[in-house]
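Enquirer: Data file my_file-v1.txt (compact mmCIF, C-alpha atoms and all ligand atoms) is appended below.
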# COMPACT_ATOMS: atom_id res chain seq x y z
CA MET A 1 -33.83 -13.57 2.12
CA PRO A 2 -30.37 -13.58 3.76
CA HIS A 3 -27.98 -11.26 1.98
CA VAL A 4 -24.78 -12.46 0.38
CA THR A 5 -21.92 -11.58 2.71
CA ARG A 6 -18.41 -10.55 1.82
CA VAL A 7 -15.62 -13.11 1.80
CA LYS A 8 -13.70 -13.48 5.08
CA GLY A 9 -10.52 -11.40 5.06
CA PHE A 10 -11.80 -9.15 2.25
CA ALA A 11 -12.92 -5.67 3.32
CA ASP A 12 -15.21 -2.94 1.98
CA LEU A 13 -13.73 0.51 2.39
CA PHE A 14 -15.99 3.45 3.13
CA PRO A 15 -15.08 6.99 4.16
CA PRO A 16 -13.04 7.95 6.07
CA ASP A 17 -10.94 4.83 5.33
CA SER A 18 -11.36 5.13 1.56
CA ALA A 19 -10.19 8.76 1.87
CA VAL A 20 -7.17 7.62 3.88
CA PHE A 21 -6.28 5.16 1.13
CA ALA A 22 -6.75 7.79 -1.60
CA ALA A 23 -4.57 10.27 0.32
CA MET A 24 -1.83 7.65 0.68
CA GLU A 25 -2.00 6.92 -3.05
CA ASP A 26 -1.77 10.64 -3.88
CA ALA A 27 1.22 11.02 -1.54
CA ALA A 28 2.93 8.00 -3.10
CA ARG A 29 2.51 9.39 -6.62
CA ALA A 30 3.78 12.82 -5.55
CA VAL A 31 6.84 11.53 -3.67
CA PHE A 32 7.86 8.80 -6.12
CA SER A 33 7.67 11.14 -9.12
CA ARG A 34 10.27 13.35 -7.39
CA PHE A 35 12.60 10.36 -7.58
CA GLY A 36 11.86 9.71 -11.27
CA PHE A 37 9.51 6.76 -10.71
CA GLU A 38 6.65 6.04 -13.11
CA GLU A 39 3.45 4.15 -12.48
CA VAL A 40 2.81 0.74 -14.00
CA ARG A 41 -0.39 -1.28 -13.58
CA THR A 42 -0.07 -5.01 -13.96
CA PRO A 43 -2.79 -7.71 -13.90
CA LEU A 44 -4.13 -9.18 -10.68
CA LEU A 45 -4.03 -12.64 -12.24
CA GLU A 46 -0.84 -14.34 -13.44
CA PHE A 47 0.29 -17.85 -14.26
CA THR A 48 1.06 -19.63 -10.97
CA GLU A 49 4.49 -20.53 -12.34
CA LEU A 50 5.50 -16.86 -12.16
CA PHE A 51 5.18 -16.94 -8.37
CA THR A 52 6.64 -20.41 -7.82
CA ARG A 53 9.71 -19.37 -9.82
CA SER A 54 10.14 -15.94 -8.23
CA ILE A 55 8.93 -16.22 -4.63
CA GLY A 56 10.05 -19.86 -4.27
CA VAL A 57 8.18 -23.14 -3.75
CA GLU A 58 9.26 -23.52 -0.13
CA THR A 59 7.99 -20.12 1.04
CA ASP A 60 4.81 -19.85 3.13
CA VAL A 61 3.32 -17.58 0.46
CA VAL A 62 3.61 -20.18 -2.30
CA ARG A 63 3.10 -23.29 -0.15
CA LYS A 64 -0.10 -22.27 1.53
CA GLU A 65 -1.25 -18.72 0.90
CA MET A 66 -1.99 -18.35 -2.81
CA TYR A 67 -5.45 -18.25 -4.33
CA SER A 68 -4.81 -20.62 -7.24
CA PHE A 69 -7.20 -22.29 -9.66
CA ALA A 70 -7.12 -23.90 -13.09
CA ASP A 71 -8.46 -22.10 -16.15
CA SER A 72 -10.62 -23.87 -18.75
CA ARG A 73 -7.46 -25.25 -20.38
CA GLY A 74 -6.17 -26.63 -17.12
CA ARG A 75 -3.41 -24.02 -16.66
CA SER A 76 -2.86 -22.94 -13.08
CA LEU A 77 -3.52 -19.25 -12.46
CA SER A 78 -3.07 -17.33 -9.20
CA LEU A 79 -4.23 -14.03 -7.79
CA ARG A 80 -1.03 -12.08 -7.18
CA PRO A 81 0.22 -12.43 -3.59
CA GLU A 82 2.71 -9.56 -4.15
CA ALA A 83 3.60 -7.15 -6.92
CA THR A 84 7.33 -7.61 -7.60
CA SER A 85 6.91 -10.81 -9.66
CA GLY A 86 4.32 -9.22 -11.95
CA VAL A 87 6.26 -5.96 -12.35
CA VAL A 88 9.39 -7.89 -13.29
CA ARG A 89 7.42 -10.05 -15.73
CA ALA A 90 5.95 -6.91 -17.31
CA TYR A 91 9.42 -5.32 -17.45
CA ILE A 92 10.74 -8.37 -19.33
CA ASP A 93 7.64 -8.54 -21.60
CA ALA A 94 8.01 -4.88 -22.54
CA GLY A 95 11.78 -5.14 -23.10
CA LEU A 96 12.50 -2.24 -20.77
CA ASN A 97 16.04 -3.24 -19.86
CA ASP A 98 17.66 -0.17 -21.37
CA GLY A 99 19.23 1.83 -18.54
CA VAL A 100 17.64 2.05 -15.11
CA GLY A 101 13.90 1.33 -14.86
CA ARG A 102 12.05 3.02 -12.01
CA LEU A 103 8.54 1.65 -11.62
CA PHE A 104 5.88 1.81 -8.93
CA THR A 105 2.49 0.20 -8.68
CA LEU A 106 -0.43 0.34 -6.25
CA GLY A 107 -3.24 -2.11 -5.69
CA PRO A 108 -4.71 -5.21 -4.11
CA MET A 109 -2.73 -8.39 -3.34
CA PHE A 110 -4.14 -11.69 -2.10
CA ARG A 111 -2.79 -14.08 0.51
CA HIS A 112 -4.81 -16.77 2.25
CA GLU A 113 -3.53 -16.03 5.77
CA ARG A 114 -5.39 -16.01 9.07
CA PRO A 115 -7.01 -12.56 9.20
CA GLN A 116 -6.23 -10.35 12.19
CA LEU A 117 -5.58 -6.67 12.86
CA GLY A 118 -3.29 -5.51 10.04
CA ARG A 119 -3.50 -8.83 8.21
CA MET A 120 -6.09 -9.33 5.48
CA ARG A 121 -6.57 -11.86 2.72
CA GLN A 122 -7.06 -9.03 0.26
CA PHE A 123 -4.68 -6.25 1.21
CA HIS A 124 -3.16 -3.34 -0.65
CA GLN A 125 0.45 -2.56 -1.37
CA ILE A 126 2.33 0.47 -2.56
CA ASN A 127 5.23 -1.12 -4.38
CA CYS A 128 8.41 0.30 -5.97
CA GLU A 129 11.06 -1.37 -8.06
CA CYS A 130 14.36 0.01 -9.36
CA LEU A 131 15.77 -2.26 -12.07
CA GLY A 132 19.06 -2.16 -13.90
CA THR A 133 21.66 -1.17 -11.29
CA ASP A 134 23.53 -2.93 -8.53
CA SER A 135 24.80 0.32 -7.00
CA PRO A 136 24.36 0.42 -3.21
CA MET A 137 23.29 4.01 -3.80
CA ALA A 138 20.12 2.60 -5.37
CA ASP A 139 19.43 0.49 -2.24
CA VAL A 140 19.76 3.60 -0.09
CA GLU A 141 17.72 5.72 -2.44
CA MET A 142 14.87 3.20 -2.15
CA ILE A 143 15.06 3.45 1.63
CA LEU A 144 15.17 7.26 1.48
CA MET A 145 12.19 7.29 -0.88
CA LEU A 146 10.26 4.98 1.44
CA LEU A 147 11.05 7.20 4.43
CA ALA A 148 10.10 10.33 2.45
CA PHE A 149 6.75 8.73 1.62
CA LEU A 150 6.15 7.74 5.25
CA ARG A 151 6.94 11.30 6.34
CA GLU A 152 4.62 12.68 3.66
CA ILE A 153 1.71 10.71 5.13
CA GLY A 154 2.56 12.04 8.58
CA LEU A 155 4.37 9.05 10.08
CA SER A 156 7.51 9.28 12.14
CA GLY A 157 9.11 7.31 14.94
CA LEU A 158 9.15 4.10 12.92
CA LYS A 159 12.02 1.65 13.20
CA LEU A 160 14.18 0.88 10.14
CA LYS A 161 15.91 -2.50 10.24
CA ILE A 162 18.46 -3.64 7.67
CA ASN A 163 20.45 -6.75 6.90
CA SER A 164 22.38 -8.29 4.04
CA MET A 165 21.44 -11.72 2.68
CA GLY A 166 24.67 -12.28 0.73
CA CYS A 167 24.56 -13.62 -2.81
CA ALA A 168 24.43 -16.89 -4.73
CA GLU A 169 28.18 -17.22 -4.12
CA CYS A 170 28.29 -16.86 -0.35
CA ARG A 171 24.81 -17.69 0.91
CA PRO A 172 25.10 -21.50 0.36
CA GLN A 173 28.00 -21.51 2.80
CA PHE A 174 25.93 -19.69 5.40
CA ARG A 175 22.93 -21.93 4.73
CA ASN A 176 25.09 -25.02 5.32
CA ALA A 177 26.50 -23.58 8.54
CA LEU A 178 22.98 -22.76 9.73
CA SER A 179 21.67 -26.22 8.79
CA GLU A 180 24.57 -27.74 10.66
CA PHE A 181 23.72 -25.59 13.70
CA LEU A 182 20.05 -26.60 13.47
CA THR A 183 20.87 -30.32 13.43
CA LYS A 184 22.11 -29.80 17.00
CA VAL A 185 18.79 -28.30 18.08
CA ASP A 186 16.25 -30.87 19.23
CA ALA A 187 13.38 -30.80 16.68
CA GLY A 188 10.97 -31.24 19.61
CA ASP A 189 12.11 -27.94 21.10
CA ILE A 190 11.33 -25.74 18.11
CA CYS A 191 7.88 -24.97 16.70
CA PRO A 192 6.49 -27.38 14.02
CA ASP A 193 6.95 -24.70 11.31
CA CYS A 194 10.62 -24.31 12.20
CA ALA A 195 11.11 -28.09 12.40
CA ARG A 196 9.99 -28.22 8.74
CA ARG A 197 11.87 -25.07 7.73
CA ALA A 198 15.08 -26.47 9.25
CA GLU A 199 14.90 -29.03 6.42
CA THR A 200 13.48 -26.96 3.56
CA ASN A 201 14.34 -23.29 4.13
CA PRO A 202 16.62 -22.97 7.19
CA LEU A 203 17.05 -19.18 6.87
CA ARG A 204 13.38 -18.69 7.76
CA VAL A 205 14.01 -20.26 11.18
CA LEU A 206 15.87 -17.05 12.02
CA ASP A 207 12.84 -14.80 11.65
CA CYS A 208 10.39 -17.06 13.52
CA LYS A 209 8.59 -14.95 16.11
CA VAL A 210 7.99 -17.83 18.59
CA PRO A 211 10.03 -16.84 21.71
CA GLY A 212 11.32 -20.41 22.31
CA CYS A 213 12.66 -20.62 18.74
CA ARG A 214 14.40 -17.27 19.13
CA VAL A 215 16.14 -18.43 22.31
CA LEU A 216 17.28 -21.65 20.63
CA THR A 217 18.71 -19.76 17.64
CA ALA A 218 20.38 -17.01 19.71
CA GLU A 219 23.80 -18.55 19.10
CA ALA A 220 23.17 -19.39 15.42
CA PRO A 221 25.75 -18.29 12.85
CA VAL A 222 25.35 -14.69 11.69
CA ILE A 223 24.85 -14.16 7.98
CA THR A 224 26.95 -10.99 7.64
CA ASP A 225 29.95 -12.77 9.23
CA MET A 226 30.12 -15.25 6.37
CA GLN A 227 29.79 -13.14 3.26
CA CYS A 228 32.07 -12.83 0.26
CA PRO A 229 34.15 -9.63 -0.01
CA ALA A 230 31.89 -8.20 -2.74
CA CYS A 231 28.76 -8.57 -0.56
CA LYS A 232 30.59 -7.22 2.51
CA ASP A 233 31.71 -4.15 0.52
CA HIS A 234 28.26 -3.63 -0.94
CA PHE A 235 26.64 -3.70 2.49
CA ALA A 236 29.35 -1.51 4.05
CA GLU A 237 28.83 1.09 1.36
CA ALA A 238 25.04 1.04 1.75
CA ARG A 239 25.41 1.53 5.51
CA ALA A 240 27.96 4.31 5.01
CA ILE A 241 25.58 6.21 2.71
CA LEU A 242 22.76 5.78 5.22
CA GLU A 243 25.00 7.10 7.99
CA ALA A 244 26.14 10.02 5.85
CA ARG A 245 22.47 10.90 5.39
CA SER A 246 21.95 10.58 9.18
CA VAL A 247 19.34 7.86 8.75
CA ASP A 248 18.73 5.87 11.95
CA PHE A 249 18.74 2.15 11.41
CA GLU A 250 19.23 -1.06 13.34
CA LEU A 251 21.24 -3.99 12.00
CA ASP A 252 19.14 -7.13 12.35
CA HIS A 253 20.78 -10.33 11.21
CA ARG A 254 17.47 -12.17 11.63
CA LEU A 255 15.88 -10.09 8.89
CA VAL A 256 15.81 -12.73 6.15
CA ARG A 257 12.41 -11.84 4.59
CA GLY A 258 9.76 -14.34 3.55
CA LEU A 259 10.36 -14.44 -0.21
CA ASP A 260 13.23 -16.36 -1.81
CA TYR A 261 14.36 -13.83 -4.42
CA TYR A 262 16.30 -11.53 -2.08
CA CYS A 263 20.07 -11.10 -2.03
CA ARG A 264 22.32 -8.53 -0.38
CA THR A 265 20.45 -5.61 1.25
CA THR A 266 17.11 -6.35 2.91
CA PHE A 267 15.14 -3.88 5.02
CA GLU A 268 11.90 -3.50 6.92
CA VAL A 269 10.13 -0.61 8.60
CA GLU A 270 8.32 -1.49 11.80
CA SER A 271 5.80 0.25 13.96
CA VAL A 272 5.88 -0.36 17.68
CA THR A 273 2.23 0.56 18.10
CA ILE A 274 0.14 -1.72 15.85
CA GLY A 275 0.66 -5.07 17.55
CA ALA A 276 1.72 -8.39 16.07
CA GLN A 277 1.62 -7.33 12.42
CA SER A 278 4.21 -4.62 12.94
CA ALA A 279 6.00 -4.58 9.55
CA VAL A 280 4.53 -1.67 7.62
CA ALA A 281 7.01 -2.00 4.74
CA GLY A 282 9.64 -4.40 3.56
CA GLY A 283 11.98 -4.86 0.66
CA GLY A 284 15.45 -5.48 -0.59
CA ARG A 285 17.70 -6.35 -3.49
CA TYR A 286 16.91 -9.20 -5.90
CA ASP A 287 19.76 -9.39 -8.41
CA GLY A 288 18.99 -12.85 -9.84
CA LEU A 289 15.24 -12.47 -10.21
CA VAL A 290 14.92 -10.98 -13.70
CA LYS A 291 17.20 -13.67 -15.12
CA SER A 292 15.41 -16.47 -13.28
CA LEU A 293 12.16 -15.35 -14.91
CA GLY A 294 13.70 -15.65 -18.38
CA GLY A 295 14.85 -12.03 -18.76
CA PRO A 296 18.31 -10.51 -19.09
CA ASP A 297 20.78 -10.55 -16.20
CA VAL A 298 19.54 -7.32 -14.66
CA PRO A 299 19.78 -6.52 -10.93
CA GLY A 300 16.96 -4.90 -8.97
CA VAL A 301 15.95 -3.50 -5.62
CA GLY A 302 12.52 -2.54 -4.29
CA PHE A 303 10.05 -2.38 -1.44
CA ALA A 304 6.36 -2.58 -0.68
CA CYS A 305 4.26 -0.93 2.03
CA GLY A 306 1.08 -2.49 3.38
CA MET A 307 -1.64 0.12 3.11
CA GLU A 308 -3.94 -1.49 5.72
CA ARG A 309 -1.11 -1.31 8.27
CA LEU A 310 -0.25 2.27 7.36
CA ALA A 311 -3.95 3.16 7.64
CA LEU A 312 -3.86 2.03 11.29
CA LEU A 313 -1.21 4.67 11.94
CA VAL A 314 -2.16 7.71 9.89
CA GLN A 315 -4.55 10.38 11.09
CA LYS A 316 -8.00 10.15 9.57
CA PRO A 317 -8.80 13.24 7.50
CA SER A 318 -11.75 15.32 8.69
CA PRO A 319 -14.72 14.69 6.40
CA SER A 320 -14.75 17.05 3.41
CA VAL A 321 -17.55 19.62 3.60
CA PRO A 322 -19.63 20.07 0.43
CA ASP A 323 -20.16 23.68 -0.66
CA PHE A 324 -23.86 23.47 -1.38
CA PHE A 325 -27.04 21.44 -1.16
CA ILE A 326 -29.64 22.71 -3.60
CA VAL A 327 -33.40 22.11 -3.54
CA GLY A 328 -36.31 22.98 -5.79
CA THR A 329 -39.64 23.07 -4.03
CA ASP A 330 -41.71 22.00 -7.03
CA VAL A 331 -41.05 20.19 -10.30
CA GLU A 332 -40.25 23.34 -12.33
CA ALA A 333 -38.06 24.84 -9.60
CA GLN A 334 -36.26 21.52 -9.30
CA LYS A 335 -35.30 21.67 -12.99
CA ALA A 336 -33.79 25.13 -12.38
CA ALA A 337 -32.01 23.78 -9.28
CA PHE A 338 -30.64 20.90 -11.32
CA ASN A 339 -29.26 23.31 -13.94
CA LEU A 340 -27.83 25.68 -11.32
CA ALA A 341 -26.04 22.76 -9.65
CA GLN A 342 -24.39 21.86 -12.96
CA TYR A 343 -23.33 25.51 -13.41
CA LEU A 344 -21.83 25.69 -9.90
CA ARG A 345 -19.82 22.51 -10.49
CA THR A 346 -18.22 24.06 -13.57
CA ALA A 347 -16.69 26.57 -11.12
CA THR A 348 -15.35 23.61 -9.04
CA LEU A 349 -17.93 24.05 -6.27
CA ARG A 350 -19.01 20.75 -4.79
CA GLY A 351 -22.56 19.79 -3.94
CA VAL A 352 -25.68 17.81 -4.71
CA VAL A 353 -29.21 18.53 -5.81
CA SER A 354 -32.13 17.01 -3.93
CA PHE A 355 -34.11 14.58 -6.04
CA SER A 356 -37.25 15.20 -3.99
CA THR A 357 -39.41 18.32 -4.10
CA GLY A 358 -41.98 18.20 -1.36
CA GLY A 359 -41.99 19.47 2.23
CA MET A 360 -39.64 22.26 3.23
CA LYS A 361 -39.00 20.53 6.56
CA SER A 362 -37.84 17.32 4.94
CA LEU A 363 -35.73 19.24 2.39
CA MET A 364 -34.01 21.15 5.21
CA ARG A 365 -33.38 17.88 7.05
CA GLN A 366 -31.66 16.58 3.92
CA ALA A 367 -29.62 19.79 3.67
CA ASP A 368 -28.55 19.43 7.31
CA LYS A 369 -27.59 15.81 6.83
CA SER A 370 -25.49 16.65 3.75
CA GLY A 371 -23.21 18.79 5.92
CA ALA A 372 -23.05 21.44 3.15
CA LYS A 373 -21.96 25.01 3.92
CA TRP A 374 -24.85 26.51 1.95
CA CYS A 375 -28.39 25.40 1.23
CA LEU A 376 -29.70 26.92 -2.00
CA ILE A 377 -33.46 27.05 -2.33
CA ILE A 378 -35.46 27.66 -5.48
CA GLY A 379 -39.25 27.96 -5.11
CA PRO A 380 -41.85 29.42 -7.50
CA GLU A 381 -41.00 33.00 -6.44
CA GLU A 382 -37.26 32.58 -6.93
CA LEU A 383 -37.97 30.84 -10.24
CA ALA A 384 -40.08 33.75 -11.50
CA ALA A 385 -37.37 36.26 -10.51
CA SER A 386 -34.36 34.13 -11.68
CA ALA A 387 -33.25 34.31 -8.07
CA VAL A 388 -32.10 31.83 -5.45
CA THR A 389 -32.36 31.85 -1.67
CA VAL A 390 -29.01 31.16 -0.03
CA LYS A 391 -29.02 29.85 3.52
CA ASP A 392 -25.81 29.80 5.54
CA MET A 393 -26.13 26.45 7.30
CA LEU A 394 -23.69 27.39 10.02
CA VAL A 395 -25.42 30.53 11.31
CA GLY A 396 -28.88 29.97 9.83
CA ARG A 397 -29.07 33.37 8.06
CA GLN A 398 -30.52 33.51 4.57
CA ILE A 399 -30.82 36.02 1.75
CA THR A 400 -32.35 35.93 -1.72
CA VAL A 401 -30.07 37.01 -4.56
CA PRO A 402 -30.21 36.98 -8.37
CA GLN A 403 -28.87 33.65 -9.67
CA ASN A 404 -26.23 35.67 -11.58
CA ASP A 405 -24.76 36.84 -8.25
CA ILE A 406 -24.51 33.38 -6.74
CA PHE A 407 -20.73 33.08 -7.06
CA SER A 408 -20.08 36.32 -5.22
CA ILE A 409 -21.96 34.83 -2.27
CA LEU A 410 -20.66 31.28 -2.35
CA LEU A 411 -17.03 32.11 -3.07
CA GLN A 412 -16.90 34.91 -0.46
CA PRO A 413 -18.77 33.93 2.68
CA GLY A 414 -20.22 37.44 2.93
CA ILE A 415 -23.51 36.82 4.71
CA ARG A 416 -21.78 35.16 7.65
CA GLN A 417 -20.49 38.49 8.97
P1 LIG B 501 6.29 -8.47 1.96
O1 LIG B 501 7.15 -8.23 3.15
O2 LIG B 501 5.77 -9.83 1.77
O3 LIG B 501 7.15 -8.01 0.71
O4 LIG B 501 5.07 -7.47 1.99
C1 LIG B 501 5.29 -6.07 2.09
C2 LIG B 501 4.32 -5.46 3.07
O5 LIG B 501 2.98 -5.81 2.70
C3 LIG B 501 4.45 -5.96 4.49
O6 LIG B 501 5.47 -5.26 5.19
C4 LIG B 501 3.08 -5.65 5.06
O7 LIG B 501 3.01 -4.29 5.46
C5 LIG B 501 2.17 -5.85 3.87
N1 LIG B 501 1.47 -7.15 3.96
C6 LIG B 501 1.94 -8.37 3.64
N2 LIG B 501 1.00 -9.30 3.84
C7 LIG B 501 -0.09 -8.67 4.31
C8 LIG B 501 -1.41 -9.07 4.70
N3 LIG B 501 -1.81 -10.34 4.63
N4 LIG B 501 -2.29 -8.11 5.14
C9 LIG B 501 -1.91 -6.82 5.20
N5 LIG B 501 -0.68 -6.38 4.83
C10 LIG B 501 0.21 -7.28 4.39
C11 LIG B 501 6.70 -8.08 -0.57
O8 LIG B 501 5.57 -8.30 -0.89
C12 LIG B 501 7.77 -7.73 -1.58
N6 LIG B 501 7.19 -7.91 -2.93
C13 LIG B 501 8.29 -6.33 -1.37
C14 LIG B 501 9.34 -5.95 -2.37
C15 LIG B 501 9.18 -5.16 -3.44
N7 LIG B 501 10.58 -6.41 -2.37
C16 LIG B 501 11.20 -5.90 -3.43
N8 LIG B 501 10.37 -5.16 -4.09
If you took the structure in this file and wrote it as structure tokens, what would it be?
Ligand code: HAM
Expert:
Amino acid sequence: MPHVTRVKGFADLFPPDSAVFAAMEDAARAVFSRFGFEEVRTPLLEFTELFTRSIGVETDVVRKEMYSFADSRGRSLSLRPEATSGVVRAYIDAGLNDGVGRLFTLGPMFRHERPQLGRMRQFHQINCECLGTDSPMADVEMILMLLAFLREIGLSGLKLKINSMGCAECRPQFRNALSEFLTKVDAGDICPDCARRAETNPLRVLDCKVPGCRVLTAEAPVITDMQCPACKDHFAEARAILEARSVDFELDHRLVRGLDYYCRTTFEVESVTIGAQSAVAGGGRYDGLVKSLGGPDVPGVGFACGMERLALLVQKPSPSVPDFFIVGTDVEAQKAAFNLAQYLRTATLRGVVSFSTGGMKSLMRQADKSGAKWCLIIGPEELAASAVTVKDMLVGRQITVPQNDIFSILLQPGIRQ
């Protein structure tokens, strides 16, 4: 019978990739806790309205990438395409708006995009949100925390790009100027996506990657030239703090991000080595989002990293070597082996017991395959003497010792010398 395959764009993770993911998660928890961030876990499934209201109906994510379906009562539900909307909803639900909230979350997100290297339909984000302050210091601290995390997982030489999107006061003016500029561009000269975006979401035309579109928008108005004094000051202060911290960054006025909730500072971290899907992290400020989802008027700033993209860049850990592989050569000896294995694990040694008994050759093959440092053998003679034979799998030497002395052998690799 043909087996049931996995869904396109959804991956199974085995070692070493699963170990890479676990190491990234450990690093995230360690780094973020130094900045006072706490972990929150929110559901994978939310009402679709959450995403249409937060991300925006005209974004690619909401228009064509969400996994949405109706529940038995006809309400539209969606698998989360990103984490910010759910974290903000949870923040409002839990009434956390007392002081500054620092929350991070890790887990799978779902977007129905065309899969390619670094782009999956189920992918994983490491996501951080700082709610309750509009200080530019918070924007910079998020960037510093992101860079500290990237350093912790061994990445350097990545490019940080920043921009400011203005606010509800000044962005409409820029949007109008851009629309006006786009009316002068022949719709036949830009890509079909941009022809549509010019009508519905003109800012997105700026970050189109199609070379022809970039040439045609080279002379487009620049967002930071048209901002209100408050947004200009906010961005100037954020840049000054970055400079004072000697953080390298590039100003990129095309960095408008693909989700509608952003205002003021936006940023992305790019790798030059992983091909088309080069953004390994992205984020920015979203001061109107909490209010637009029915919460208090609380500002926020955050970012998310794509774990699949980071995994393409980090070094794979060498496989972890188990301490022991233990065998019993008959049913009674196997029971003793089983008990000894349990005892060894209480002392944090790592290893497995063979569930088969017969044939020394086959047992040794299993021990070899396990990659363990030590093979422990209990046969009828060892059983009678409460002993165990310890074989050093690296050099092949073996000795028989009382079971009571096992730790002195395994914890100090004495018989190797
Ligand atoms: P985003 O730029 O849509 O932002 O996604 C953040 C990161 O997720 C991207 O830079 C990329 O590394 C990764 N990513 C996105 N889509 C895929 C995919 N299909 N396959 C693999 N990786 C992907 C957000 O999601 C915002 N919620 C970030 C944020 C948090 N802004 C404020 N707070």
Enquirer: As a PDB file with C-alpha atoms, in the frame of the given file, please: every protein or nucleic acid residue near ligand LIG 501 (chain B) (cut-off 8 Å, counting all atoms listed in the file).
Expert:
ATOM      1  CA  PRO A  81       0.220 -12.430  -3.590  1.00  0.00           C
ATOM      2  CA  GLU A  82       2.710  -9.560  -4.150  1.00  0.00           C
ATOM      3  CA  ALA A  83       3.600  -7.150  -6.920  1.00  0.00           C
ATOM      4  CA  THR A  84       7.330  -7.610  -7.600  1.00  0.00           C
ATOM      5  CA  SER A  85       6.910 -10.810  -9.660  1.00  0.00           C
ATOM      6  CA  PHE A 110      -4.140 -11.690  -2.100  1.00  0.00           C
ATOM      7  CA  ARG A 111      -2.790 -14.080   0.510  1.00  0.00           C
ATOM      8  CA  HIS A 112      -4.810 -16.770   2.250  1.00  0.00           C
ATOM      9  CA  GLU A 113      -3.530 -16.030   5.770  1.00  0.00           C
ATOM     10  CA  PRO A 115      -7.010 -12.560   9.200  1.00  0.00           C
ATOM     11  CA  GLY A 118      -3.290  -5.510  10.040  1.00  0.00           C
ATOM     12  CA  ARG A 119      -3.500  -8.830   8.210  1.00  0.00           C
ATOM     13  CA  MET A 120      -6.090  -9.330   5.480  1.00  0.00           C
ATOM     14  CA  ARG A 121      -6.570 -11.860   2.720  1.00  0.00           C
ATOM     15  CA  GLN A 122      -7.060  -9.030   0.260  1.00  0.00           C
ATOM     16  CA  PHE A 123      -4.680  -6.250   1.210  1.00  0.00           C
ATOM     17  CA  HIS A 124      -3.160  -3.340  -0.650  1.00  0.00           C
ATOM     18  CA  GLN A 125       0.450  -2.560  -1.370  1.00  0.00           C
ATOM     19  CA  ASN A 127       5.230  -1.120  -4.380  1.00  0.00           C
ATOM     20  CA  CYS A 128       8.410   0.300  -5.970  1.00  0.00           C
ATOM     21  CA  GLU A 129      11.060  -1.370  -8.060  1.00  0.00           C
ATOM     22  CA  ARG A 257      12.410 -11.840   4.590  1.00  0.00           C
ATOM     23  CA  GLY A 258       9.760 -14.340   3.550  1.00  0.00           C
ATOM     24  CA  LEU A 259      10.360 -14.440  -0.210  1.00  0.00           C
ATOM     25  CA  TYR A 262      16.300 -11.530  -2.080  1.00  0.00           C
ATOM     26  CA  GLU A 268      11.900  -3.500   6.920  1.00  0.00           C
ATOM     27  CA  VAL A 269      10.130  -0.610   8.600  1.00  0.00           C
ATOM     28  CA  GLN A 277       1.620  -7.330  12.420  1.00  0.00           C
ATOM     29  CA  SER A 278       4.210  -4.620  12.940  1.00  0.00           C
ATOM     30  CA  ALA A 279       6.000  -4.580   9.550  1.00  0.00           C
ATOM     31  CA  VAL A 280       4.530  -1.670   7.620  1.00  0.00           C
ATOM     32  CA  ALA A 281       7.010  -2.000   4.740  1.00  0.00           C
ATOM     33  CA  GLY A 282       9.640  -4.400   3.560  1.00  0.00           C
ATOM     34  CA  GLY A 283      11.980  -4.860   0.660  1.00  0.00           C
ATOM     35  CA  GLY A 284      15.450  -5.480  -0.590  1.00  0.00           C
ATOM     36  CA  ARG A 285      17.700  -6.350  -3.490  1.00  0.00           C
ATOM     37  CA  TYR A 286      16.910  -9.200  -5.900  1.00  0.00           C
ATOM     38  CA  VAL A 301      15.950  -3.500  -5.620  1.00  0.00           C
ATOM     39  CA  GLY A 302      12.520  -2.540  -4.290  1.00  0.00           C
ATOM     40  CA  PHE A 303      10.050  -2.380  -1.440  1.00  0.00           C
ATOM     41  CA  ALA A 304       6.360  -2.580  -0.680  1.00  0.00           C
ATOM     42  CA  CYS A 305       4.260  -0.930   2.030  1.00  0.00           C
ATOM     43  CA  GLY A 306       1.080  -2.490   3.380  1.00  0.00           C
ATOM     44  CA  MET A 307      -1.640   0.120   3.110  1.00  0.00           C
ATOM     45  CA  GLU A 308      -3.940  -1.490   5.720  1.00  0.00           C
ATOM     46  CA  ARG A 309      -1.110  -1.310   8.270  1.00  0.00           C
ATOM     47  CA  LEU A 310      -0.250   2.270   7.360  1.00  0.00           C
TER      48      LEU A 310
END
Enquirer: In Å to one decimal, how far is CA of Gly56 (chain A) from CA of Asp260 (chain A)?
Expert: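 One can read the CA of Asp260 (chain A) to CA of Gly56 (chain A) distance as 5.3 Å.
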Enquirer: I'd like the neighbourhood of Cys194 (chain A) as a list in words, where a residue qualifies if any of its atoms comes within 10 Å (using only C-alpha atoms), though same-chain residues fewer than 5 positions away should be ignored.
Expert: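 The filter keeps Leu182, Ala187, Asp189, Glu199, Thr200, Asn201, Pro202, Leu203, Arg204, Val205, Leu206, Asp207, Cys208, Val210 and Cys213 of chain A.
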Enquirer: Generate the output file for the selected residues, C-alpha atoms, as an mmCIF file, in the coordinates of the input.
Expert:
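Here's the written file out.cif:
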data_model
loop_
_atom_site.group_PDB
_atom_site.id
_atom_site.type_symbol
_atom_site.label_atom_id
_atom_site.label_comp_id
_atom_site.auth_asym_id
_atom_site.auth_seq_id
_atom_site.Cartn_x
_atom_site.Cartn_y
_atom_site.Cartn_z
ATOM 1 C CA LEU A 182 20.050 -26.600 13.470
ATOM 2 C CA ALA A 187 13.380 -30.800 16.680
ATOM 3 C CA ASP A 189 12.110 -27.940 21.100
ATOM 4 C CA GLU A 199 14.900 -29.030 6.420
ATOM 5 C CA THR A 200 13.480 -26.960 3.560
ATOM 6 C CA ASN A 201 14.340 -23.290 4.130
ATOM 7 C CA PRO A 202 16.620 -22.970 7.190
ATOM 8 C CA LEU A 203 17.050 -19.180 6.870
ATOM 9 C CA ARG A 204 13.380 -18.690 7.760
ATOM 10 C CA VAL A 205 14.010 -20.260 11.180
ATOM 11 C CA LEU A 206 15.870 -17.050 12.020
ATOM 12 C CA ASP A 207 12.840 -14.800 11.650
ATOM 13 C CA CYS A 208 10.390 -17.060 13.520
ATOM 14 C CA VAL A 210 7.990 -17.830 18.590
ATOM 15 C CA CYS A 213 12.660 -20.620 18.740
#
